[in-house]
Every structure is written in structure tokens, then in C-alpha cells.
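Below is one structure; the comments refer to it alone.
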Amino acid sequence: MEQEIIIQIKDANSFYGAKQILKNVTLNIPAQTVTALMGPSGCGKSTLIRCLNRMNDLVPRFRFEGNVLYKGIDLYGKDVDITDLRREIGMVFQKPNPFPKSIYENVAYGIRIQGIANREFIDGIVEESLKRAALWDEVKDRLHESALSLSGGQQQRICIARALAVKPHVILFDEPCSALDPIATAKIEELITDLKNNYTIIVVTHNTAQAARVSDFTAFLYLGDLIEYGPTAKIFTVPQDKRTEEYLTGKFG
Amino acid sequence: MVGNRHACSLYLLIWFMLKRNNIVKFKEALIERLLLCCSLLSVLTTAGIIWVLLSETIGFFKHVSVIDFLTDTQWTPMFTNKHFGILSLLSGTLVTTFIAIAVAVPLGLISATYLSEYATDKMRHIIKPLLEILAAVPTVVYGYFALLFVTPLLRQFIPGLSGFNALSAGLVMGIMIIPLVSSLSEDAMHAVPMGLREGAYALGSHKIQVAFKIVFPAALSGITAAVILAVSRAIGETMIVAIAAGQQPKFTVNPLVPIETITAYIVQISLGDTPHGTLEYSTIFVCGTTLFVITFFLNVISFKLKRRFQEIYE
């Protein structure tokens with residue numbers, strides 16, 4: 001593999017109260033690819049992805065040990081302002097969570113909070129982001145309607161557009177389709193595949209078929225351990241670990 | 001024979017169970033009716049109040065024209081030269097309410113924001129009950145606090161301040177309704193889904209941006225409902241203004257002079273020796289109706305806003 005590594009997770013251990021969630025996870029994520037974090041419920045895949053933009057800081061009693069290096073910067077380092085870094089590492093959540101504002105304001109929010117007020121500039125970014133999220137044609141005539149009036153799949157694409165608007169380098173998707181119907185799911189998956197040319201994408205999923213469809217690399221987690229990691233084609237055809245094989249063949253999960 | 005006996009005891013058992021069932025059913029029905037009576041009691045009381053207010057008010061307006069009532073700027077029902085201009089009482093109510101809201105809304109919203117967005121769970125569990133103690137202090141205590149402590153204190157800075165005035169009554173009333181504003185607003189802000197905060201943080205928001213640009217607007221209808229309820233509470237507050245604001249109906253917006261609010265006037269007349277059945281006496285019902293109409297509309301608006309808020313998130 002000659003690919004540039006954008007995120008390095010080193011000996012990540014995390015705890016919720018006394019309970020250990022992640023156990024010594026070490027993982028390198030190559031740039032401009034789609035990496036799937038796959039595993040059954042409770043395996044720590046969501047916890048792991050939420051360590052990559054320190055979203056877990058919001059959870060009381062959560063504790064993290066280890067390092068996460070983003071372009072060589074330790075996200076858990078002492079002098080690091082995570083607020084700035086979160087602009088480079090965007091996130092799309094499990095349940096679509098558009099703000100109760102208009103479609104336009106949802107996409108513009110991330111730019112506005114940086115103190116930018118130039119109307120034309122924001123208009124441009126909103127249009128560009130909605131186009132990239134494959135939503136522009138559906139909403140261009142109703143930009144000032146509430147984002148909550150959209151369907152679940154459209155709301156999720158608003159959330160993707162919102163994340164794209166602040167020009168991230170990495171986008172984290174935490175089970176982005178689990179609240180969506182199959183058609184909306186297919187659209188989001190197609191979008192993920194399109195976006196990988198310009199962004200590094202990490203997707204959490206418990207759906208093996210989804211991991212196989214969208215990802216270049218797959219990591220399989222089980223009970224907080226990283227069991228296996230490698231190119232998706234390899235993991236799915238010749239899994240090295242028995243547990244991976246059992247999960248892929250539906251023996252548990 | 002044996003089979004017969006079995007059948008017999010089976011019948012007995014079924015009969016017994018049916019009877020038992022009937023007793024349970026009867027009890028259930030009885031409890032249901034008792035509960036219905038209890039809830040009807042408050043409905044009937046409200047209906048009774050409205051009926052008394054309306055019938056007395058209609059009687060009053062047979063002697064005094066509605067136009068005079070709404071436009072006259074003097075309120076002198078006890079004088080020989082009688083005037084019935086509600087504006088002088090209404091201005092007193094509005095001035096004290098305005099001052100109270102000017103105190104309670106900013107302070108209440110700041111503490112709600114702190115409690116909902118900044119305080120740790122532990123702090124919230126300590127501070128919230130403490131704040132709610134403010135609401136448990138009897139209003140008569142607040143009244144004397146305004147009259148005997150706040151007014152003398154303010155006089156050090158404002159020499160022209162009368163002994164009875166709208167300012168200190170309004171200020172103290174504002175302090176009294178802080179918990180109402182903060183508690184209801186905090187509930188509204190706390191009910192904003194965590195997912196919205198996460199979404200905002202993930203875009204690089206600072207905490208203060210999350211609080212004011214996401215949570216506050218998302219909770220706005222709940223917060224507005226809280227503020228309207230606070231206004232309604234301030235308009236209806238009686239004891240503080242009766243004690244500390246004076247008893248001089250005056251059409252003014254000057255908070256430094258004695259005034260009289262609608263509620264304080266009702267107290268004054270009902271405590272006095274005005275004979276029942278006279279025009280003077282019926283003024284308190286007219287005042288009551290005026291208050292009722294104002295607070296009723298405010299509560300309806302508040303209720304509607306609150307429901308709209310719940311519809312969005314539940």
C-alpha cells in the first residue's frame with residue numbers, strides 16, 4: 001500500500017465509567033478512500049468513530065487513552081483546539097439531525113459561525129454543497145423552507161451538505177442509513193462512493209453488505225477489539241480470523 | 001356422581017369469580033366517578049367564577065359606558081365626582097409588570113442557559129431546587145421586603161423616590177418570578193435533542209454558539225411560553241404591589257411615584273367597608289373581569305406555543 005495515511009489511531013482505549021469500550025485499537029486510515037468500521041452492536045465501532053472528532057467529549061464519564069493522529073497532529077494533545085479541527089473532520093450522524101432552520105440556513109450555519117457574512121460567498125457555498133450532496137435539484141426552489149419539512153433521506157443529505165460546506169478533509173459517517181428506507185439508503189451509498197475522490201471517508205455500519213458495497217478498506221471490530229483490518233475484497237473473500245468469517249456468514253451479530 | 005359433584009363445584013367457582021368480578025367492576029366504576037367529580041369540581045369553580053364576574057360586570061356597564069371605562073384617565077369610584085377609567089389602574093399594572101419582566105426575563109434566561117448548557121449534572125441538581133425556593137417564599141414577605149428594604153435602599157440613589165412606588169414593587173416581583181422563567185425555559189432548552197448539539201459541534205461550533213445559535217432558537221417557542229406565563233403571573237400578582245406600590249390610581253408611566261394596580265385596587269375595596277350591591281362594590285368585579293381577560297389570552301397563547309414546541313420534538 002503506497003497510500004498516504006491521514007489518520008493514525010494508536011493504542012486507543014476508551015472507557016465509559018468503569019466499562020472498557022475500546023481495547024488497544026491501532027488502525028491507519030489511508031487518505032481518499034472509504035474505510036468501513038464493521039461489527040455487531042456494542043463492538044465499539046461508533047465509539048471509535050466518535051473518537052476521531054472527539055465527539056465523545058460531550059459524554060459524561062467518558063475517558064480516552066491513547067493517540068489519534070490527524071495529519072500528524074494528536075487530536076487528544078494538550079494544545080489542540082478541537083473546535084478548529086472539527087471543521088476538517090466533518091460528521092454525519094445516525095439519525096438525521098438538521099437544525100430547525102431553513103434548508104439554506106442549515107447549510108450556511110458552519111460558515112456563518114466562522115464570522116463570514118458575505119452573502120454571495122455563502123450563496124455560492126450553499127449551492128455547491130447541495131449539488132455535491134445530490135440535493136440541489138430537489139430543493140433549489142424551496143431553500144427557505146424548513147429543513148424539517150424534508151423526507152428522512154433528504155434530511156440526511158442536508159446533513160451531508162452541511163458537513164461539506166465547511167470544506168472538511170475527512171467525513172465520518174456514523175451508521176448514516178440506519179434510519180432510512182432502501183431507496184434513500186442507495187442514494188446515500190452512491191453519494192459516499194462519489195465523495196471519496198475528494199474526501200477521506202470513514203463509515204460505521206453493522207450491515208456487511210453495505211460495507212462490501214461502499215468501502216475500499218474494512219475493519220472488523222468485536223467486543224472492543226480490532227479483529228481484522230485490510231482491503232475490503234480481501235476481508236470478504238479470505239477473512240483471516242474465524243470470528244470475521246462467522247460474522248460475515250451471519251453466525252452472530 | 002363424582003362427575004356431577006365436579007360440575008357442581010365448577011359452577012360454584014364460576015359464580016364466585018363472576019361475583020368477584022362484579023365487585024371489582026363496581027369498585028372501578030365508583031373510583032372513576034369519584035375522579036370525574038373531582039375534576040368537574042375545578043371546572044365548575046371556573047365556570048362559577050366566570051358567571052359571577054360576567055353578571056356583575058354586565059350590571060356595572062348598565063350604569064357606566066364602556067367607552068368611558070376604556071378611555072377615562074381617572075379612577076375615583078369612591079369620590080362624589082365618580083370616574084371609572086380603568087386606564088389609571090391598568091397603567092399601574094403595566095408599569096409594575098414591565099419592570100418585573102425587565103428583571104425576570106434576562107436573569108431567568110441567563111440562569112436557564114447556564115443550567116441547561118453549562119452546568120454539570122451535579123450543579124444542576126443543587127442550583128435548580130435552590131432557585132425554586134425563591135418561588136416558595138410567601139408573596140407577603142416579598143411585599144414587605146420591597147417596602148422596608150428595597151425602597152429605602154433605592155432612596156439612597158434616587159432621592160425623589162416615594163415611600164410607595166412601582167419601581168421597588170416591580171423589581172422585587174421580578175426577582176420572585178425568575179424561577180418561573182428559568183425553570184420553564186430550562187425545561188424547554190433541555191428538551192432540545194442532543195443530536196442537534198452534536199451536529200453543531202461537529203461543524204466546529206464553540207459552546208456559546210451551540211447555546212445561542214442552536215439550542216436557544218430551537219427552544220424559542222417554549223421560552224416564549226415561559227415569558228408569557230411570567231407576564232401573566234406579574235399582571236395577576238397582588239400582595240407585593242398592594243403592600244409596596246401604593247394605593248393611588250394614577251394614569252402615569254413614572255415608576256417613582258405611588259400608583260395602584262388593578263389587583264391592589266381589588267384588595268383595597270374588598271378589605272374596606274364598601275357596602276355590597278353598590279356600584280362602587282361592583283367595580284371590583286369589573287376589574288376582575290379585565291384581569292381575567294388579559295391573563296386568559298396570555299395563557300392561551302402560551303399554551304399554544306408550548307404545544308407547537310412539543311409537536312416539533314416529540
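Letters A, B, ... mark the chains of the C-alpha cells in the order given; residue numbers begin at 1 per chain; ligand numbers begin at 1, in order shown.
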Pull out every residue of chain B sitting within 9 Å of chain A, counting only C-alpha atoms, and send them as a PyMOL selection string.
chain B and resi 120+193+195-196+198-206+209+213-214+217-218+312
Put those residues in a file: all heavy atoms, as a short mmCIF file (atom, residue, chain, number, x, y, z; two decimals), in the first residue's frame.
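Now in selection_5.cif:
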data_model
loop_
_atom_site.label_atom_id
_atom_site.label_comp_id
_atom_site.auth_asym_id
_atom_site.auth_seq_id
_atom_site.Cartn_x
_atom_site.Cartn_y
_atom_site.Cartn_z
N THR B 120 -22.78 21.24 35.22
CA THR B 120 -22.70 19.78 35.26
C THR B 120 -23.99 19.28 35.92
O THR B 120 -24.71 20.05 36.55
CB THR B 120 -21.51 19.32 36.12
OG1 THR B 120 -21.68 19.87 37.42
CG2 THR B 120 -20.20 19.80 35.55
N PRO B 193 -33.08 18.07 21.42
CA PRO B 193 -32.37 16.80 21.30
C PRO B 193 -30.85 16.98 21.27
O PRO B 193 -30.34 17.92 20.67
CB PRO B 193 -32.85 16.25 19.96
CG PRO B 193 -34.09 16.98 19.64
CD PRO B 193 -34.02 18.30 20.32
N GLY B 195 -28.81 15.40 19.63
CA GLY B 195 -28.33 15.29 18.25
C GLY B 195 -28.09 16.65 17.61
O GLY B 195 -27.17 16.80 16.81
N LEU B 196 -28.92 17.64 17.95
CA LEU B 196 -28.73 18.98 17.36
C LEU B 196 -27.44 19.59 17.88
O LEU B 196 -26.69 20.23 17.12
CB LEU B 196 -29.90 19.89 17.72
CG LEU B 196 -31.22 19.61 17.04
CD1 LEU B 196 -32.22 20.70 17.38
CD2 LEU B 196 -31.04 19.53 15.54
N GLU B 198 -24.82 17.93 18.94
CA GLU B 198 -23.71 17.20 18.33
C GLU B 198 -23.48 17.68 16.90
O GLU B 198 -22.34 17.88 16.49
CB GLU B 198 -24.01 15.70 18.33
CG GLU B 198 -23.93 15.09 19.71
CD GLU B 198 -24.10 13.57 19.70
OE1 GLU B 198 -24.68 13.03 18.73
OE2 GLU B 198 -23.65 12.94 20.65
N GLY B 199 -24.58 17.86 16.16
CA GLY B 199 -24.47 18.33 14.78
C GLY B 199 -23.74 19.66 14.73
O GLY B 199 -22.89 19.88 13.86
N ALA B 200 -24.06 20.54 15.67
CA ALA B 200 -23.43 21.87 15.69
C ALA B 200 -21.97 21.77 16.09
O ALA B 200 -21.10 22.40 15.48
CB ALA B 200 -24.18 22.79 16.63
N TYR B 201 -21.68 20.96 17.09
CA TYR B 201 -20.27 20.80 17.50
C TYR B 201 -19.46 20.21 16.35
O TYR B 201 -18.31 20.61 16.12
CB TYR B 201 -20.16 19.88 18.72
CG TYR B 201 -20.43 20.57 20.03
CD1 TYR B 201 -21.48 20.18 20.85
CD2 TYR B 201 -19.61 21.61 20.46
CE1 TYR B 201 -21.72 20.81 22.06
CE2 TYR B 201 -19.85 22.26 21.66
CZ TYR B 201 -20.90 21.84 22.46
OH TYR B 201 -21.12 22.48 23.64
N ALA B 202 -20.05 19.26 15.63
CA ALA B 202 -19.31 18.59 14.56
C ALA B 202 -18.94 19.57 13.44
O ALA B 202 -18.05 19.29 12.65
CB ALA B 202 -20.13 17.44 13.99
N LEU B 203 -19.63 20.71 13.37
CA LEU B 203 -19.31 21.70 12.34
C LEU B 203 -18.31 22.74 12.86
O LEU B 203 -18.04 23.72 12.20
CB LEU B 203 -20.58 22.41 11.88
CG LEU B 203 -21.54 21.53 11.08
CD1 LEU B 203 -22.88 22.22 10.94
CD2 LEU B 203 -20.95 21.22 9.72
N GLY B 204 -17.81 22.51 14.06
CA GLY B 204 -16.81 23.42 14.60
C GLY B 204 -17.39 24.55 15.43
O GLY B 204 -16.80 25.62 15.50
N SER B 205 -18.54 24.32 16.07
CA SER B 205 -19.12 25.37 16.92
C SER B 205 -18.43 25.41 18.27
O SER B 205 -18.04 24.38 18.80
CB SER B 205 -20.60 25.08 17.20
OG SER B 205 -21.31 25.01 16.02
N HIS B 206 -18.33 26.62 18.80
CA HIS B 206 -17.94 26.76 20.20
C HIS B 206 -19.19 26.58 21.05
O HIS B 206 -20.31 26.70 20.55
CB HIS B 206 -17.32 28.14 20.45
CG HIS B 206 -15.98 28.29 19.81
ND1 HIS B 206 -14.84 27.80 20.38
CD2 HIS B 206 -15.61 28.84 18.62
CE1 HIS B 206 -13.81 28.05 19.59
NE2 HIS B 206 -14.25 28.67 18.50
N GLN B 209 -21.76 29.24 20.87
CA GLN B 209 -22.52 29.24 19.61
C GLN B 209 -23.60 28.17 19.63
O GLN B 209 -24.70 28.38 19.14
CB GLN B 209 -21.56 29.02 18.43
CG GLN B 209 -20.63 30.20 18.21
CD GLN B 209 -19.53 29.88 17.23
OE1 GLN B 209 -19.03 28.76 17.16
NE2 GLN B 209 -19.13 30.88 16.46
N LYS B 213 -26.99 29.86 19.19
CA LYS B 213 -27.42 29.78 17.79
C LYS B 213 -28.24 28.53 17.50
O LYS B 213 -28.96 28.49 16.51
CB LYS B 213 -26.19 29.81 16.87
CG LYS B 213 -25.47 31.14 16.99
CD LYS B 213 -24.71 31.46 15.74
CE LYS B 213 -24.48 32.95 15.68
NZ LYS B 213 -23.18 33.36 15.32
N ILE B 214 -28.09 27.51 18.33
CA ILE B 214 -28.83 26.27 18.07
C ILE B 214 -29.88 26.01 19.15
O ILE B 214 -31.07 25.97 18.88
CB ILE B 214 -27.86 25.07 17.97
CG1 ILE B 214 -26.89 25.26 16.82
CG2 ILE B 214 -28.64 23.76 17.81
CD1 ILE B 214 -27.52 25.31 15.44
N PRO B 217 -32.59 29.14 19.84
CA PRO B 217 -33.66 29.24 18.83
C PRO B 217 -34.54 28.00 18.77
O PRO B 217 -35.75 28.11 18.57
CB PRO B 217 -32.90 29.40 17.50
CG PRO B 217 -31.52 29.75 17.85
CD PRO B 217 -31.25 29.27 19.23
N ALA B 218 -33.94 26.83 18.98
CA ALA B 218 -34.74 25.61 18.89
C ALA B 218 -35.75 25.55 20.02
O ALA B 218 -36.83 24.98 19.89
CB ALA B 218 -33.84 24.38 18.93
N ILE B 312 -42.89 19.61 17.57
CA ILE B 312 -41.68 19.53 16.79
C ILE B 312 -40.79 18.38 17.26
O ILE B 312 -40.21 17.67 16.47
CB ILE B 312 -40.91 20.87 16.82
CG1 ILE B 312 -41.74 21.94 16.15
CG2 ILE B 312 -39.56 20.75 16.13
CD1 ILE B 312 -41.14 23.31 16.19
#
Name the residues in contact with region 131-142 of chain B at a cut-off of 9 Å, using only C-alpha atoms, excluding same-chain residues fewer than 3 positions from it; report them as an MDAnalysis selection string.
chainID B and resid 127:128 145:147 169 172:173 175:180 182:183 237:240 243
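Considering the residues B:Thr289, B:Thr93, B:Ser282, B:Thr73 and counting only C-alpha atoms, Trp51 (chain B) has its shortest atom-to-atom contact with B:Thr289.
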Enumerate as number ranges by chain all residues of region 8-247 of chain A assigned to strand (DSSP E) by DSSP on the backbone, naming them with the chain letters and numbers the document uses.
A: 8-16, 19-30, 34-38, 62-70, 73-74, 89-92, 170-174, 200-205, 217-222, 225-231
Write the residues you've just listed into a file as an mmCIF file, in the first residue's frame, and include C-alpha atoms for each of them.
data_model
loop_
_atom_site.group_PDB
_atom_site.id
_atom_site.type_symbol
_atom_site.label_atom_id
_atom_site.label_comp_id
_atom_site.auth_asym_id
_atom_site.auth_seq_id
_atom_site.Cartn_x
_atom_site.Cartn_y
_atom_site.Cartn_z
ATOM 1 C CA GLN A 8 -3.471 7.046 12.726
ATOM 2 C CA ILE A 9 -5.185 5.552 15.724
ATOM 3 C CA LYS A 10 -2.616 4.305 18.232
ATOM 4 C CA ASP A 11 -3.408 2.104 21.225
ATOM 5 C CA ALA A 12 -6.840 3.589 21.672
ATOM 6 C CA ASN A 13 -8.521 2.575 24.918
ATOM 7 C CA SER A 14 -11.772 4.132 25.945
ATOM 8 C CA PHE A 15 -13.963 3.767 28.967
ATOM 9 C CA TYR A 16 -17.461 4.673 29.875
ATOM 10 C CA LYS A 19 -16.605 -0.223 31.483
ATOM 11 C CA GLN A 20 -13.932 -0.524 28.829
ATOM 12 C CA ILE A 21 -15.307 0.037 25.346
ATOM 13 C CA LEU A 22 -12.231 0.019 23.118
ATOM 14 C CA LYS A 23 -9.261 -2.218 23.799
ATOM 15 C CA ASN A 24 -5.889 -1.234 22.335
ATOM 16 C CA VAL A 25 -7.170 -0.371 18.909
ATOM 17 C CA THR A 26 -4.456 0.575 16.437
ATOM 18 C CA LEU A 27 -5.501 1.460 12.919
ATOM 19 C CA ASN A 28 -4.189 3.526 9.994
ATOM 20 C CA ILE A 29 -6.649 5.168 7.663
ATOM 21 C CA PRO A 30 -5.481 5.971 4.132
ATOM 22 C CA VAL A 34 -13.658 4.727 2.089
ATOM 23 C CA THR A 35 -12.950 2.777 5.253
ATOM 24 C CA ALA A 36 -15.766 0.808 6.841
ATOM 25 C CA LEU A 37 -15.862 0.080 10.561
ATOM 26 C CA MET A 38 -17.999 -3.015 10.797
ATOM 27 C CA PHE A 62 -16.231 9.070 29.111
ATOM 28 C CA ARG A 63 -12.460 8.608 29.193
ATOM 29 C CA PHE A 64 -9.970 8.097 26.367
ATOM 30 C CA GLU A 65 -6.393 6.872 26.471
ATOM 31 C CA GLY A 66 -4.075 6.644 23.508
ATOM 32 C CA ASN A 67 -3.484 8.831 20.470
ATOM 33 C CA VAL A 68 -5.343 9.794 17.376
ATOM 34 C CA LEU A 69 -3.052 11.500 14.887
ATOM 35 C CA TYR A 70 -4.693 13.536 12.152
ATOM 36 C CA ILE A 73 -1.381 16.256 14.931
ATOM 37 C CA ASP A 74 -2.521 14.458 18.079
ATOM 38 C CA ILE A 89 -13.183 16.296 10.176
ATOM 39 C CA GLY A 90 -16.897 16.503 9.445
ATOM 40 C CA MET A 91 -19.521 14.104 10.714
ATOM 41 C CA VAL A 92 -22.877 12.737 9.621
ATOM 42 C CA VAL A 170 -12.380 13.759 6.336
ATOM 43 C CA ILE A 171 -16.060 12.885 6.710
ATOM 44 C CA LEU A 172 -17.208 10.474 9.380
ATOM 45 C CA PHE A 173 -20.469 8.660 8.744
ATOM 46 C CA ASP A 174 -21.921 7.026 11.856
ATOM 47 C CA THR A 200 -11.399 10.576 3.128
ATOM 48 C CA ILE A 201 -14.473 8.752 4.301
ATOM 49 C CA ILE A 202 -14.999 6.544 7.313
ATOM 50 C CA VAL A 203 -18.315 4.716 7.602
ATOM 51 C CA VAL A 204 -19.623 2.870 10.612
ATOM 52 C CA THR A 205 -22.032 0.117 9.702
ATOM 53 C CA PHE A 217 -10.931 -0.992 3.398
ATOM 54 C CA THR A 218 -12.805 -2.740 6.153
ATOM 55 C CA ALA A 219 -12.078 -3.014 9.837
ATOM 56 C CA PHE A 220 -13.956 -5.641 11.826
ATOM 57 C CA LEU A 221 -14.440 -4.911 15.497
ATOM 58 C CA TYR A 222 -15.784 -7.281 18.082
ATOM 59 C CA ASP A 225 -11.088 -5.416 19.903
ATOM 60 C CA LEU A 226 -9.996 -4.724 16.359
ATOM 61 C CA ILE A 227 -10.122 -8.240 14.984
ATOM 62 C CA GLU A 228 -9.115 -7.714 11.425
ATOM 63 C CA TYR A 229 -8.342 -4.879 9.039
ATOM 64 C CA GLY A 230 -7.498 -4.852 5.380
ATOM 65 C CA PRO A 231 -8.742 -4.244 1.833
#
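Counting from CA of Ile294 (chain B), the distance to CA of Val52 (chain B) is 17.3 Å.
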I'd like the contact shell of Asp141 (chain A) - 12 Å cut-off, only C-alpha atoms, skipping same-chain residues fewer than 3 positions apart - returned as a tab-separated table (two decimals) with N, CA, C and O atoms, in the first residue's frame.
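The result, stored in part-v1.tsv:
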chain	number	residue	atom	x	y	z
A	103	ILE	N	-33.57	25.26	4.95
A	103	ILE	CA	-32.59	24.44	4.26
A	103	ILE	C	-31.32	25.24	4.05
A	103	ILE	O	-30.21	24.79	4.35
A	104	TYR	N	-31.49	26.47	3.58
A	104	TYR	CA	-30.36	27.35	3.32
A	104	TYR	C	-29.53	27.58	4.58
A	104	TYR	O	-28.32	27.44	4.58
A	127	GLU	N	-24.99	26.50	-2.64
A	127	GLU	CA	-25.34	25.83	-3.90
A	127	GLU	C	-24.38	24.68	-4.20
A	127	GLU	O	-24.80	23.56	-4.48
A	135	LEU	N	-28.61	17.07	-3.87
A	135	LEU	CA	-29.90	17.50	-3.34
A	135	LEU	C	-30.39	18.79	-4.00
A	135	LEU	O	-31.55	19.15	-3.89
A	136	TRP	N	-29.49	19.45	-4.72
A	136	TRP	CA	-29.79	20.78	-5.26
A	136	TRP	C	-31.07	20.79	-6.09
A	136	TRP	O	-31.94	21.64	-5.89
A	137	ASP	N	-31.20	19.84	-7.03
A	137	ASP	CA	-32.36	19.86	-7.92
A	137	ASP	C	-33.67	19.68	-7.15
A	137	ASP	O	-34.70	20.20	-7.55
A	138	GLU	N	-33.59	18.95	-6.03
A	138	GLU	CA	-34.83	18.71	-5.27
A	138	GLU	C	-35.23	19.91	-4.42
A	138	GLU	O	-36.39	20.07	-4.08
A	144	HIS	N	-35.72	28.26	1.35
A	144	HIS	CA	-36.04	28.96	2.60
A	144	HIS	C	-37.15	28.29	3.38
A	144	HIS	O	-37.67	28.83	4.35
A	145	GLU	N	-37.50	27.08	2.95
A	145	GLU	CA	-38.44	26.30	3.76
A	145	GLU	C	-37.68	25.56	4.84
A	145	GLU	O	-36.48	25.34	4.74
Per-residue DSSP, region 44-197 of chain B, filtered to alpha helix (DSSP H), as JSON, numbers by chain:
{"B": [44, 45, 46, 47, 48, 49, 50, 51, 52, 53, 54, 55, 56, 57, 58, 59, 60, 66, 67, 68, 69, 70, 71, 86, 87, 88, 89, 90, 91, 92, 93, 94, 95, 96, 97, 98, 99, 100, 101, 102, 103, 104, 105, 106, 107, 108, 109, 110, 111, 112, 113, 121, 122, 123, 124, 125, 126, 127, 128, 129, 130, 131, 132, 133, 134, 135, 136, 139, 140, 141, 142, 143, 144, 145, 151, 152, 153, 154, 155, 166, 167, 168, 169, 170, 171, 172, 173, 174, 175, 176, 177, 178, 179, 180, 181, 182, 183, 184, 185, 186, 187, 188, 189, 190, 194, 195, 196, 197]}
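Our summary of the geometry notes that CA of Ile7 (chain A) is positioned 15.5 Å from CA of Val80 (chain A).
For the residues B:Gln247, B:Ser55, B:Gln156, B:Ser185, ranking by smallest atom-to-atom distance to Trp75 (chain B) using only C-alpha atoms places B:Gln247 first.
With CA of Gln268 (chain B) on one side and CA of Gln248 (chain B) on the other, the separation reads 10.7 Å.
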Applying 9 Å and only C-alpha atoms, which residues near Ala186 (chain A) remain after dropping the ones on its own chain fewer than 5 positions away? List them as a VMD selection string.
chain A and resid 177 181 191
Go ahead and save the picked residues with all heavy atoms, as a compact mmCIF listing (two decimals), in the first residue's frame.
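selection_30.txt written:
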# COMPACT_ATOMS: atom_id res chain seq x y z
N CYS A 177 -27.33 5.31 7.36
CA CYS A 177 -28.54 4.83 6.68
C CYS A 177 -29.46 4.05 7.61
O CYS A 177 -30.48 3.53 7.16
CB CYS A 177 -28.16 3.96 5.49
SG CYS A 177 -27.07 4.80 4.34
N ASP A 181 -35.02 4.35 4.48
CA ASP A 181 -35.57 3.24 3.69
C ASP A 181 -34.55 2.84 2.59
O ASP A 181 -33.57 3.54 2.37
CB ASP A 181 -36.92 3.66 3.08
CG ASP A 181 -36.79 4.81 2.12
OD1 ASP A 181 -36.01 4.70 1.16
OD2 ASP A 181 -37.47 5.84 2.32
N LEU A 191 -23.71 8.37 -3.02
CA LEU A 191 -23.08 9.64 -2.70
C LEU A 191 -21.72 9.42 -2.04
O LEU A 191 -20.74 10.08 -2.37
CB LEU A 191 -24.02 10.40 -1.76
CG LEU A 191 -23.73 11.85 -1.45
CD1 LEU A 191 -23.59 12.64 -2.73
CD2 LEU A 191 -24.88 12.40 -0.63
